[in-house]
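**Student:** Quick one: the structure is below, questions incoming.
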There are 2 protein chains.
Amino acid sequence: MTAEGDELVDVIVVGFGIAGACAAISAAEAGASVLVIERAGAPGGSSALSGGEVYLGGGTSVQKACGFDDTPADMFAFLTAALGPHADAEKLRFYCDDSLDHFDWLLEHGVEFTPSLYDAPTWMPSTTDGLMWLGENSYPFDTLATPAPRGHRPPMPYFAGAPLMAALVAAAASAGVRTVVDTRVTSLVVEEGRVVGVRAKTYGAEREFAARRGVVLTTGGFVDNEDMLEAHVPALLGQAKVSDGLDDGSGITMAQAVGAATRRMHAHEVALTVLPALAARGILVNARGQRFVNEDTYPGTVSHAAVNHQPAPFWVIADEAAFDDIPPDDLWGVRPHHAAETLGELEQDLGMPAGSLEATVSAYNAHAALGKDPWFHKASKWLRPLQAPYAAVDVAAGFHPGDRESSTNGTGVAGFTLGGLHTTVDGEVLSLTGDPIAGLFAAGRATAGMHGEGYISGTSLGDGSYFGRRAGRSVAAQ
Amino acid sequence: MTAEGDELVDVIVVGFGIAGACAAISAAEAGASVLVIERAGAPGGSSALSGGEVYLGGGTSVQKACGFDDTPADMFAFLTAALGPHADAEKLRFYCDDSLDHFDWLLEHGVEFTPSLYDAPTWMPSTTDGLMWLGENSYPFDTLATPAPRGHRPPMPYFAGAPLMAALVAAAASAGVRTVVDTRVTSLVVEEGRVVGVRAKTYGAEREFAARRGVVLTTGGFVDNEDMLEAHVPALLGQAKVSDGLDDGSGITMAQAVGAATRRMHAHEVALTVLPALAARGILVNARGQRFVNEDTYPGTVSHAAVNHQPAPFWVIADEAAFDDIPPDDLWGVRPHHAAETLGELEQDLGMPAGSLEATVSAYNAHAALGKDPWFHKASKWLRPLQAPYAAVDVAAGFHPGDRESSTNGTGVAGFTLGGLHTTVDGEVLSLTGDPIAGLFAAGRATAGMHGEGYISGTSLGDGSYFGRRAGRSVAAQ
């Protein structure tokens, strides 16, 4: 199928986020000639815009330096709960058993993690600490597995996806991976039932690229495709998007066009601003003034509990002592939206049923005075009776992972998709009848990964990088 | 493609539930020769095992006889909320605007509705009343549209799907529709890009059936297919199934094999026993002893609020007066699982946090004494302070729509799927690229119907029958 000017390589990788980078490196290191085709003007994708957390454990050197033992079994138990119910047990088992090896591989390929712990609930540390909690030390997870922090992140305050991807892009180049940018793959080329290349456009010009061994789709999710959201994830319609603006599901649809099956297309992440530092020191309530979750767990878990399951709007209720206790870098410039001398006034200001917030705070304070939170199990270090005057903060304020500026579209919610192509643990794309499609592989958010109904940060960069590597090895072995 | 012994007709309908019946009747009345192929030994499908409610409004003669005015606009406003968020506005618009016509059509085809109202919350009336509430008169729906009951059902206590289907099966025969039973359609026959027939098996023998004008898939949902649940609706794994045992998604997969797109495959109904008569007279609480919904709304809506969004287990808390107030036919033999003189004891028996249930009942009683429920808006007719001794009833007890016997598999939850083939309002099945697949039509639970995240009874028999008719007209016009 090659014509003059077309390319012929062993392996084509479509999309240069973290899954594409790791697939390309692994295939190249296995001896394949590899070309990554990226639609944007430079590598990085949504991964480079992310918080940069990679979920790793089992006793990494960073964990050990911070004083934590860890085991694959504890990691598996935690992720089964945090990504569930209905997380993918087979993918999780591989991911956890191989996590130490994956950590070493990332280090060997230039990724750095400072061996120090950020020890408070946050979306993204304001520091360069290389380790953070993702809820492992909070209820109910602390009852299911020995807590160990597993969020590993490059040394960069807040968004650390850029240095993560910079390292992997450099490693890909060192491994001999070639890249073309500004080139949009439009469809797969199939000959005699086998994927043998791709069709693409560069500034309107059509090109074909042939791949002797196969194609790996690492094109990301579909949060930027309104039609696909309408069809599969209506919950994300109208919400802000955690993406680089190019997550339009193109890899999913081009694979479906050659018979690929999809899986869990409804699964999605939602991130509510939450203001974790303030929420941990106060309480988070729904539109009825009810608490519903321990506010000290990972804010992603809090967000799911709120957005997917409780009536909006959501408010953090706090007092002056709570504000005063927050390190300035973690306050994100947030100020109270409402303040009142009594909870009755505050209820009225917030449009809550009379007596509802008062009942909630009364119970919370009575328990907090005893250092206990028997209804929701927030850790005792965050418990303190709230005192007048009271403040209410709209959780749509402040920044969060989906939003580098100061606001989303009013809901405070941003999200991305977790469903996609049905793949084996080796990255083979399965057909509608459950058989691998010859020559076709995929990883990252173009696929359904390890996730069930839950999500925590680090597991998308995590499964993208780990199963990207496996897909790269698989395609190179063709 | 016909061979000796094969069949040739204008229209083949696959599956003889309500969507198949209505498609077949409409196609036949439009002049087509119609063959319905049913896998079971007799027509009826899951529809015949259902409660038999059809959601109809806009001012039917039954509504008028019971003293209710109604409009398509109120019906649309209610269904947009009750089936939402993200109900299908286009399908809902057609459904509501044509509802009076659809009511008349059902009457013309032998379906009967007694003009009397069952006026209390229930899954299925214990009477022959032809009209029931499906939450229209409860919060928040009563604030969104003028309440009118729209659950129309044949004169049969409890499960009224059998007489509904008996009437439509007879109407199909009268219209000249032919039927073969014990015959499982295995795939679609495509010639030159057009669906022209089906392959099938009868007791192991393979047969082909040709259709001059097209094929209508009305094969039902996929709650009986564990692989499809695992891939698309993990929430229903391990739950009891509302089906005839043959809802294995075969129509969806055979259409996908010829390029059909699916939509909202995650959408599903969950029915929790709930014990509506008792819940309305008491309170429903989650595992933390919290109320979360007005207990007098339709039990399907209560079930979604509980199962999809709250921590299990769920308990109805009631007192002796509540039990005494229930008509014997609506008690379903339910007796308290726990009883205690104080709420503190009851909390302990139920494993709830100390003080949680006490706080809930205390607030409920204080408001109920004033005839108000400002936190959840249960109607005043159901409000009365609960008095010691208190009873707790496990909502997994008693019967409900998914369960003709006395128990489910321990959760008290049963469900079925709402996602499926992507169709137009005329029943055309759309391809992955959004174009109609020539000769292929579908309706009922093999398709994604009107539903968003919500569900109420009557809307599945409702959209199956209405869009079944439209599909029948479409295929006959080919």
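Ligands are numbered from 1 in the order shown, chains are lettered A, B, ... in the order of the structure tokens, and residues start at 1 in each chain.
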Write out as a tab-separated table (two decimals) with all heavy atoms, in the first residue's frame each polymer residue whose atoms come within 12 Å of Tyr455 of chain B, counting only C-alpha atoms; drop sequence neighbours fewer than 3 positions from it.
**Tutor:**
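Output file around-v3.tsv follows:
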```tsv
chain	number	residue	atom	x	y	z
B	55	TYR	N	-47.49	4.03	30.01
B	55	TYR	CA	-47.53	5.44	30.38
B	55	TYR	C	-48.21	6.23	29.27
B	55	TYR	O	-47.66	6.41	28.18
B	55	TYR	CB	-46.12	5.97	30.62
B	55	TYR	CG	-46.17	7.22	31.49
B	55	TYR	CD1	-46.26	7.10	32.87
B	55	TYR	CD2	-46.20	8.48	30.92
B	55	TYR	CE1	-46.37	8.21	33.68
B	55	TYR	CE2	-46.30	9.61	31.72
B	55	TYR	CZ	-46.39	9.47	33.10
B	55	TYR	OH	-46.50	10.57	33.89
B	78	PHE	N	-43.21	16.37	32.95
B	78	PHE	CA	-43.02	15.33	33.96
B	78	PHE	C	-41.99	14.30	33.51
B	78	PHE	O	-41.06	13.96	34.25
B	78	PHE	CB	-44.35	14.63	34.29
B	78	PHE	CG	-44.16	13.43	35.17
B	78	PHE	CD1	-43.95	13.56	36.53
B	78	PHE	CD2	-44.15	12.14	34.63
B	78	PHE	CE1	-43.73	12.46	37.35
B	78	PHE	CE2	-43.93	11.03	35.44
B	78	PHE	CZ	-43.73	11.19	36.80
B	79	LEU	N	-42.15	13.79	32.29
B	79	LEU	CA	-41.25	12.72	31.84
B	79	LEU	C	-39.82	13.22	31.66
B	79	LEU	O	-38.86	12.49	31.91
B	79	LEU	CB	-41.76	12.11	30.53
B	79	LEU	CG	-42.96	11.18	30.67
B	79	LEU	CD1	-43.43	10.69	29.30
B	79	LEU	CD2	-42.65	9.98	31.58
B	80	THR	N	-39.67	14.48	31.26
B	80	THR	CA	-38.32	15.04	31.13
B	80	THR	C	-37.60	14.97	32.47
B	80	THR	O	-36.41	14.65	32.53
B	80	THR	CB	-38.40	16.48	30.63
B	80	THR	OG1	-39.00	16.48	29.32
B	80	THR	CG2	-37.03	17.12	30.55
B	81	ALA	N	-38.33	15.24	33.54
B	81	ALA	CA	-37.72	15.17	34.87
B	81	ALA	C	-37.61	13.74	35.37
B	81	ALA	O	-36.56	13.32	35.87
B	81	ALA	CB	-38.55	16.01	35.85
B	82	ALA	N	-38.68	12.97	35.23
B	82	ALA	CA	-38.70	11.62	35.83
B	82	ALA	C	-37.76	10.66	35.11
B	82	ALA	O	-37.21	9.75	35.73
B	82	ALA	CB	-40.12	11.07	35.83
B	83	LEU	N	-37.58	10.82	33.82
B	83	LEU	CA	-36.68	9.93	33.06
B	83	LEU	C	-35.29	10.53	32.95
B	83	LEU	O	-34.41	9.93	32.33
B	83	LEU	CB	-37.24	9.66	31.66
B	83	LEU	CG	-38.64	9.08	31.59
B	83	LEU	CD1	-38.97	8.68	30.15
B	83	LEU	CD2	-38.81	7.88	32.51
B	84	GLY	N	-35.09	11.70	33.51
B	84	GLY	CA	-33.83	12.39	33.36
B	84	GLY	C	-32.97	12.30	34.58
B	84	GLY	O	-33.29	11.55	35.50
B	85	PRO	N	-31.86	13.04	34.63
B	85	PRO	CA	-31.50	13.98	33.58
B	85	PRO	C	-31.09	13.28	32.28
B	85	PRO	O	-30.78	12.10	32.29
B	85	PRO	CB	-30.30	14.72	34.18
B	85	PRO	CG	-29.73	13.78	35.19
B	85	PRO	CD	-30.90	13.02	35.73
B	86	HIS	N	-31.15	14.06	31.20
B	86	HIS	CA	-30.68	13.61	29.89
B	86	HIS	C	-31.62	12.63	29.20
B	86	HIS	O	-31.17	11.76	28.45
B	86	HIS	CB	-29.27	13.01	30.00
B	86	HIS	CG	-28.31	13.91	30.71
B	86	HIS	ND1	-27.97	15.15	30.24
B	86	HIS	CD2	-27.65	13.79	31.89
B	86	HIS	CE1	-27.14	15.73	31.08
B	86	HIS	NE2	-26.93	14.94	32.10
B	87	ALA	N	-32.94	12.75	29.48
B	87	ALA	CA	-33.90	11.99	28.69
B	87	ALA	C	-33.81	12.44	27.23
B	87	ALA	O	-33.32	13.53	26.93
B	87	ALA	CB	-35.31	12.20	29.24
B	134	LEU	N	-47.68	7.48	38.98
B	134	LEU	CA	-46.27	7.07	38.86
B	134	LEU	C	-45.36	8.20	39.36
B	134	LEU	O	-44.30	8.45	38.81
B	134	LEU	CB	-45.97	6.66	37.42
B	134	LEU	CG	-46.66	5.31	37.08
B	134	LEU	CD1	-46.77	5.11	35.59
B	134	LEU	CD2	-45.89	4.16	37.72
B	135	GLY	N	-45.84	8.86	40.41
B	135	GLY	CA	-45.04	9.91	41.02
B	135	GLY	C	-45.44	11.32	40.62
B	135	GLY	O	-44.88	12.29	41.14
B	267	ALA	N	-27.45	2.60	30.67
B	267	ALA	CA	-28.72	2.99	31.30
B	267	ALA	C	-29.47	1.74	31.77
B	267	ALA	O	-29.49	0.72	31.08
B	267	ALA	CB	-29.57	3.78	30.31
B	268	HIS	N	-30.05	1.82	32.93
B	268	HIS	CA	-30.73	0.65	33.47
B	268	HIS	C	-31.75	1.04	34.52
B	268	HIS	O	-31.67	2.10	35.12
B	268	HIS	CB	-29.73	-0.33	34.07
B	268	HIS	CG	-28.94	0.25	35.21
B	268	HIS	ND1	-27.86	1.06	35.01
B	268	HIS	CD2	-29.09	0.14	36.54
B	268	HIS	CE1	-27.37	1.43	36.18
B	268	HIS	NE2	-28.10	0.89	37.13
B	269	GLU	N	-32.69	0.15	34.70
B	269	GLU	CA	-33.68	0.28	35.74
B	269	GLU	C	-33.24	-0.56	36.93
B	269	GLU	O	-32.71	-1.66	36.76
B	269	GLU	CB	-35.03	-0.24	35.22
B	269	GLU	CG	-36.01	-0.73	36.27
B	269	GLU	CD	-36.55	0.36	37.18
B	269	GLU	OE1	-35.94	1.43	37.22
B	269	GLU	OE2	-37.56	0.14	37.85
B	270	VAL	N	-33.41	-0.03	38.14
B	270	VAL	CA	-33.27	-0.86	39.33
B	270	VAL	C	-34.53	-0.71	40.17
B	270	VAL	O	-35.01	0.40	40.37
B	270	VAL	CB	-32.05	-0.50	40.21
B	270	VAL	CG1	-30.78	-1.03	39.59
B	270	VAL	CG2	-31.95	0.99	40.47
B	271	ALA	N	-35.03	-1.82	40.61
B	271	ALA	CA	-36.22	-1.84	41.46
B	271	ALA	C	-35.86	-2.47	42.79
B	271	ALA	O	-35.40	-3.60	42.84
B	271	ALA	CB	-37.33	-2.64	40.78
B	298	TYR	N	-43.07	7.58	43.37
B	298	TYR	CA	-43.16	6.25	42.79
B	298	TYR	C	-42.00	5.37	43.27
B	298	TYR	O	-40.86	5.81	43.30
B	298	TYR	CB	-43.14	6.35	41.25
B	298	TYR	CG	-43.34	5.01	40.60
B	298	TYR	CD1	-44.52	4.30	40.79
B	298	TYR	CD2	-42.34	4.43	39.84
B	298	TYR	CE1	-44.70	3.05	40.23
B	298	TYR	CE2	-42.50	3.18	39.27
B	298	TYR	CZ	-43.69	2.50	39.47
B	298	TYR	OH	-43.85	1.25	38.91
B	299	PRO	N	-42.28	4.13	43.67
B	299	PRO	CA	-41.20	3.29	44.21
B	299	PRO	C	-40.03	3.07	43.26
B	299	PRO	O	-38.91	2.80	43.72
B	299	PRO	CB	-41.91	1.97	44.56
B	299	PRO	CG	-43.30	2.07	44.03
B	299	PRO	CD	-43.60	3.50	43.81
B	300	GLY	N	-40.27	3.20	41.97
B	300	GLY	CA	-39.14	3.11	41.04
B	300	GLY	C	-38.18	4.26	41.21
B	300	GLY	O	-36.95	4.11	41.17
B	301	THR	N	-38.74	5.44	41.43
B	301	THR	CA	-37.92	6.62	41.67
B	301	THR	C	-37.20	6.50	43.01
B	301	THR	O	-36.02	6.84	43.13
B	301	THR	CB	-38.82	7.88	41.64
B	301	THR	OG1	-39.51	7.91	40.39
B	301	THR	CG2	-38.01	9.14	41.81
B	302	VAL	N	-37.91	6.00	44.01
B	302	VAL	CA	-37.28	5.74	45.31
B	302	VAL	C	-36.14	4.74	45.15
B	302	VAL	O	-35.04	4.93	45.69
B	302	VAL	CB	-38.31	5.20	46.32
B	302	VAL	CG1	-37.62	4.76	47.61
B	302	VAL	CG2	-39.38	6.25	46.61
B	303	SER	N	-36.36	3.71	44.35
B	303	SER	CA	-35.34	2.67	44.16
B	303	SER	C	-34.08	3.25	43.54
B	303	SER	O	-32.96	2.93	43.97
B	303	SER	CB	-35.89	1.57	43.25
B	303	SER	OG	-37.01	0.95	43.82
B	304	HIS	N	-34.24	4.07	42.50
B	304	HIS	CA	-33.06	4.68	41.89
B	304	HIS	C	-32.31	5.54	42.90
B	304	HIS	O	-31.08	5.49	42.98
B	304	HIS	CB	-33.47	5.53	40.67
B	304	HIS	CG	-33.54	4.75	39.41
B	304	HIS	ND1	-32.82	5.07	38.30
B	304	HIS	CD2	-34.23	3.63	39.11
B	304	HIS	CE1	-33.07	4.18	37.34
B	304	HIS	NE2	-33.93	3.31	37.81
B	305	ALA	N	-33.06	6.34	43.66
B	305	ALA	CA	-32.43	7.22	44.64
B	305	ALA	C	-31.65	6.40	45.67
B	305	ALA	O	-30.58	6.81	46.12
B	305	ALA	CB	-33.49	8.08	45.34
B	415	GLY	N	-33.39	-5.66	38.22
B	415	GLY	CA	-33.28	-4.62	37.21
B	415	GLY	C	-33.35	-5.14	35.80
B	415	GLY	O	-33.44	-6.35	35.57
B	416	PHE	N	-33.34	-4.20	34.88
B	416	PHE	CA	-33.23	-4.55	33.46
B	416	PHE	C	-32.54	-3.39	32.75
B	416	PHE	O	-32.34	-2.33	33.33
B	416	PHE	CB	-34.58	-4.90	32.83
B	416	PHE	CG	-35.63	-3.83	32.87
B	416	PHE	CD1	-35.80	-2.94	31.82
B	416	PHE	CD2	-36.48	-3.72	33.97
B	416	PHE	CE1	-36.80	-1.98	31.85
B	416	PHE	CE2	-37.48	-2.75	34.00
B	416	PHE	CZ	-37.64	-1.87	32.94
B	417	THR	N	-32.16	-3.63	31.50
B	417	THR	CA	-31.34	-2.65	30.79
B	417	THR	C	-32.20	-1.73	29.92
B	417	THR	O	-33.26	-2.13	29.43
B	417	THR	CB	-30.32	-3.37	29.89
B	417	THR	OG1	-31.01	-4.13	28.90
B	417	THR	CG2	-29.44	-4.29	30.72
B	418	LEU	N	-31.72	-0.50	29.75
B	418	LEU	CA	-32.44	0.50	28.97
B	418	LEU	C	-31.67	0.96	27.74
B	418	LEU	O	-32.20	1.68	26.91
B	418	LEU	CB	-32.76	1.72	29.85
B	418	LEU	CG	-33.70	1.47	31.03
B	418	LEU	CD1	-33.76	2.69	31.93
B	418	LEU	CD2	-35.09	1.10	30.54
B	449	GLY	N	-34.19	4.01	24.26
B	449	GLY	CA	-35.47	4.66	24.06
B	449	GLY	C	-35.48	6.10	24.52
B	449	GLY	O	-34.60	6.88	24.17
B	450	MET	N	-36.45	6.42	25.34
B	450	MET	CA	-36.63	7.82	25.75
B	450	MET	C	-35.83	8.16	26.99
B	450	MET	O	-35.80	9.31	27.41
B	450	MET	CB	-38.12	8.05	26.07
B	450	MET	CG	-39.06	7.54	25.01
B	450	MET	SD	-40.81	7.94	25.36
B	450	MET	CE	-41.10	7.00	26.86
B	451	HIS	N	-35.19	7.16	27.60
B	451	HIS	CA	-34.69	7.31	28.96
B	451	HIS	C	-33.33	7.96	29.07
B	451	HIS	O	-32.44	7.69	28.28
B	451	HIS	CB	-34.66	5.94	29.63
B	451	HIS	CG	-35.98	5.24	29.54
B	451	HIS	ND1	-36.30	4.39	28.51
B	451	HIS	CD2	-37.07	5.30	30.34
B	451	HIS	CE1	-37.53	3.95	28.67
B	451	HIS	NE2	-38.03	4.48	29.77
B	452	GLY	N	-33.19	8.81	30.08
B	452	GLY	CA	-31.89	9.30	30.51
B	452	GLY	C	-31.45	8.46	31.70
B	452	GLY	O	-31.42	7.24	31.63
B	458	GLY	N	-44.05	1.90	33.00
B	458	GLY	CA	-44.96	2.33	31.95
B	458	GLY	C	-44.27	2.96	30.76
B	458	GLY	O	-44.85	3.06	29.68
B	459	THR	N	-43.02	3.38	30.96
B	459	THR	CA	-42.33	4.04	29.86
B	459	THR	C	-41.59	3.04	28.97
B	459	THR	O	-41.14	3.41	27.88
B	459	THR	CB	-41.34	5.09	30.37
B	459	THR	OG1	-40.43	4.47	31.28
B	459	THR	CG2	-42.07	6.22	31.07
B	460	SER	N	-41.47	1.80	29.42
B	460	SER	CA	-40.82	0.80	28.58
B	460	SER	C	-41.87	0.10	27.71
B	460	SER	O	-41.71	0.02	26.49
B	460	SER	CB	-40.04	-0.19	29.45
B	460	SER	OG	-39.11	-0.90	28.68
B	462	GLY	N	-44.46	1.54	27.19
B	462	GLY	CA	-44.91	2.73	26.46
B	462	GLY	C	-44.08	3.00	25.22
B	462	GLY	O	-44.61	3.09	24.12
```
**Student:** From a DSSP calculation on the backbone, collect every residue of segment 281-340 of chain A in strand (DSSP E or B) and output the set as an mmCIF file with N, CA and C atoms, in the first residue's frame.
**Tutor:**
```cif
data_model
loop_
_atom_site.group_PDB
_atom_site.id
_atom_site.type_symbol
_atom_site.label_atom_id
_atom_site.label_comp_id
_atom_site.auth_asym_id
_atom_site.auth_seq_id
_atom_site.Cartn_x
_atom_site.Cartn_y
_atom_site.Cartn_z
ATOM 1 N N ILE A 283 -16.749 21.220 57.031
ATOM 2 C CA ILE A 283 -17.576 20.109 56.559
ATOM 3 C C ILE A 283 -18.069 20.449 55.162
ATOM 4 N N LEU A 284 -18.365 19.407 54.393
ATOM 5 C CA LEU A 284 -18.943 19.569 53.065
ATOM 6 C C LEU A 284 -20.388 19.108 53.138
ATOM 7 N N VAL A 285 -21.300 19.950 52.678
ATOM 8 C CA VAL A 285 -22.719 19.588 52.742
ATOM 9 C C VAL A 285 -23.369 19.732 51.369
ATOM 10 N N TRP A 315 -21.593 23.002 49.437
ATOM 11 C CA TRP A 315 -20.955 24.091 50.187
ATOM 12 C C TRP A 315 -19.981 23.520 51.206
ATOM 13 N N VAL A 316 -18.849 24.199 51.328
ATOM 14 C CA VAL A 316 -17.992 23.916 52.480
ATOM 15 C C VAL A 316 -18.378 24.903 53.568
ATOM 16 N N ILE A 317 -18.692 24.384 54.742
ATOM 17 C CA ILE A 317 -19.016 25.212 55.900
ATOM 18 C C ILE A 317 -17.787 25.212 56.813
ATOM 19 N N ALA A 318 -17.311 26.390 57.120
ATOM 20 C CA ALA A 318 -16.087 26.489 57.930
ATOM 21 C C ALA A 318 -16.188 27.690 58.869
ATOM 22 N N ASP A 319 -15.149 27.867 59.672
ATOM 23 C CA ASP A 319 -15.120 29.024 60.568
ATOM 24 C C ASP A 319 -13.757 29.719 60.440
ATOM 25 N N HIS A 338 -20.506 33.427 51.742
ATOM 26 C CA HIS A 338 -21.519 33.848 52.705
ATOM 27 C C HIS A 338 -20.905 33.744 54.094
ATOM 28 N N ALA A 339 -21.312 34.630 54.974
ATOM 29 C CA ALA A 339 -20.878 34.540 56.363
ATOM 30 C C ALA A 339 -22.061 34.934 57.235
ATOM 31 N N ALA A 340 -22.171 34.308 58.395
ATOM 32 C CA ALA A 340 -23.307 34.602 59.260
ATOM 33 C C ALA A 340 -22.950 34.279 60.696
#
```
**Student:** For the atom pair atom CA of Leu106 of chain A and atom CA of Ser243 of chain A, what is the interatomic distance in Å to one decimal place?
**Tutor:**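 These two atoms are separated by 22.9 Å.
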**Student:** Check the DSSP output for the backbone and give back, as number ranges by chain, the residues of segment 125-330 of chain A in helix (DSSP H, G or I).
**Tutor:** A: 141-143, 161-174, 226-232, 234-236, 250-256, 276-281, 299-307, 320-325, 328-330
**Student:** With 6 Å as the limit and counting only C-alpha atoms, what residues in chain B lie close to chain A? Please list them as an NGL selection string.
**Tutor:** :B and (231-232 or 263-264 or 309 or 353 or 375)
**Student:** If you count only C-alpha atoms, which residues fall within 7 Å of segment 209-219 of chain A, apart from same-chain ones fewer than 2 positions away, as JSON, numbers by chain?
**Tutor:** {"A": [2, 6, 7, 8, 9, 10, 11, 12, 13, 14, 15, 19, 20, 195, 196, 197, 198, 199, 207, 221, 250, 251, 439, 440, 441, 442, 443, 444, 446, 475, 476, 478]}
**Student:** Now that the selection is made, can you save its residues with N, CA and C atoms as a compact mmCIF listing (two decimals), in the first residue's frame?
**Tutor:**
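Dumped to again.txt:
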```txt
# COMPACT_ATOMS: atom_id res chain seq x y z
N THR A 2 2.16 1.16 0.12
CA THR A 2 2.96 2.38 0.15
C THR A 2 3.06 2.99 -1.24
N ASP A 6 5.13 8.00 0.98
CA ASP A 6 4.53 7.41 2.17
C ASP A 6 5.61 6.76 3.03
N GLU A 7 5.22 6.42 4.25
CA GLU A 7 6.19 5.93 5.22
C GLU A 7 5.98 4.45 5.45
N LEU A 8 7.03 3.72 5.73
CA LEU A 8 6.91 2.32 6.11
C LEU A 8 7.76 2.06 7.34
N VAL A 9 7.12 1.64 8.39
CA VAL A 9 7.82 1.33 9.64
C VAL A 9 7.26 0.02 10.19
N ASP A 10 7.86 -0.45 11.29
CA ASP A 10 7.31 -1.64 11.94
C ASP A 10 6.02 -1.32 12.69
N VAL A 11 6.09 -0.23 13.44
CA VAL A 11 5.00 0.08 14.36
C VAL A 11 4.60 1.54 14.23
N ILE A 12 3.30 1.76 14.13
CA ILE A 12 2.77 3.12 14.18
C ILE A 12 2.02 3.28 15.49
N VAL A 13 2.34 4.35 16.20
CA VAL A 13 1.62 4.71 17.41
C VAL A 13 0.86 5.99 17.10
N VAL A 14 -0.46 5.99 17.38
CA VAL A 14 -1.29 7.15 17.05
C VAL A 14 -1.58 7.92 18.33
N GLY A 15 -0.91 9.07 18.50
CA GLY A 15 -1.14 9.89 19.68
C GLY A 15 0.03 9.83 20.64
N ALA A 19 0.40 7.17 27.17
CA ALA A 19 0.27 5.80 26.67
C ALA A 19 1.06 5.64 25.38
N GLY A 20 0.98 6.62 24.49
CA GLY A 20 1.72 6.56 23.24
C GLY A 20 3.22 6.58 23.47
N VAL A 195 -4.81 -5.09 10.34
CA VAL A 195 -4.52 -3.66 10.30
C VAL A 195 -3.06 -3.49 9.88
N VAL A 196 -2.84 -2.81 8.76
CA VAL A 196 -1.49 -2.70 8.19
C VAL A 196 -1.03 -1.26 8.04
N GLY A 197 -1.82 -0.31 8.55
CA GLY A 197 -1.39 1.07 8.44
C GLY A 197 -2.52 2.03 8.74
N VAL A 198 -2.25 3.29 8.48
CA VAL A 198 -3.25 4.33 8.75
C VAL A 198 -3.29 5.33 7.61
N ARG A 199 -4.44 5.95 7.45
CA ARG A 199 -4.58 7.10 6.58
C ARG A 199 -4.57 8.34 7.47
N ARG A 207 -2.20 11.38 3.47
CA ARG A 207 -1.01 10.55 3.43
C ARG A 207 -1.38 9.16 3.94
N GLY A 221 -9.30 9.88 25.36
CA GLY A 221 -10.74 9.67 25.54
C GLY A 221 -11.59 10.50 24.59
N SER A 250 -11.36 9.86 18.46
CA SER A 250 -11.09 9.43 17.09
C SER A 250 -10.55 8.00 17.02
N GLY A 251 -9.71 7.63 17.97
CA GLY A 251 -9.16 6.27 17.96
C GLY A 251 -10.24 5.23 18.20
N GLY A 439 -3.14 -7.06 14.25
CA GLY A 439 -2.40 -5.83 13.96
C GLY A 439 -2.88 -4.59 14.69
N LEU A 440 -3.89 -4.72 15.56
CA LEU A 440 -4.43 -3.52 16.21
C LEU A 440 -4.31 -3.61 17.74
N PHE A 441 -3.71 -2.59 18.31
CA PHE A 441 -3.46 -2.50 19.75
C PHE A 441 -3.91 -1.13 20.23
N ALA A 442 -4.10 -1.02 21.54
CA ALA A 442 -4.51 0.27 22.09
C ALA A 442 -4.18 0.33 23.58
N ALA A 443 -4.07 1.55 24.09
CA ALA A 443 -3.83 1.76 25.52
C ALA A 443 -4.26 3.17 25.89
N GLY A 444 -4.31 3.41 27.19
CA GLY A 444 -4.68 4.74 27.67
C GLY A 444 -6.18 4.97 27.58
N ALA A 446 -8.10 5.82 25.32
CA ALA A 446 -8.85 5.28 24.18
C ALA A 446 -9.42 3.91 24.51
N VAL A 475 3.00 -5.39 20.16
CA VAL A 475 3.04 -5.07 18.73
C VAL A 475 4.43 -5.35 18.17
N ALA A 476 5.46 -5.10 18.98
CA ALA A 476 6.82 -5.35 18.49
C ALA A 476 7.08 -6.83 18.28
N GLN A 478 5.06 -8.93 17.01
CA GLN A 478 4.27 -9.48 15.88
C GLN A 478 5.20 -9.97 14.77
```
**Student:** Tell me, in Å to one decimal, how far atom CA of Ser457 of chain A is from atom CA of Gly238 of chain A.
**Tutor:** 22.1 Å
**Student:** As a list in words, please: the residues near Ala40 of chain A (cut-off 8 Å, only C-alpha atoms, same-chain neighbours under 4 positions excluded).
**Tutor:**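 So, after excluding close chain neighbours, the residues are Gly45, Val181, Asp182 and Thr183 of chain A.
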**Student:** A:Gly17, A:Asp69, A:Arg473, A:Asp463: which is nearest Asp98 of chain A, counting only C-alpha atoms?
**Tutor:**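 Looking at the shortest contact to Asp98 of chain A, the residue is A:Asp463.
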**Student:** Mind checking which residues fall within 9 Å of Pro140 of chain A, counting only C-alpha atoms, ignoring those fewer than 4 positions away in the same chain, and posting them as a compact mmCIF listing (two decimals) with N, CA and C atoms, in the first residue's frame?
**Tutor:**
```
# COMPACT_ATOMS: atom_id res chain seq x y z
N ALA A 81 -11.23 -1.14 45.79
CA ALA A 81 -12.28 -0.34 46.43
C ALA A 81 -12.36 1.05 45.82
N GLU A 136 -5.62 6.79 50.65
CA GLU A 136 -5.30 5.50 51.27
C GLU A 136 -5.43 5.54 52.79
N LEU A 144 -9.51 -1.29 54.86
CA LEU A 144 -9.46 -2.37 53.86
C LEU A 144 -8.05 -2.79 53.51
N HIS A 377 -16.55 9.29 59.71
CA HIS A 377 -15.19 8.76 59.91
C HIS A 377 -14.07 9.64 59.37
```
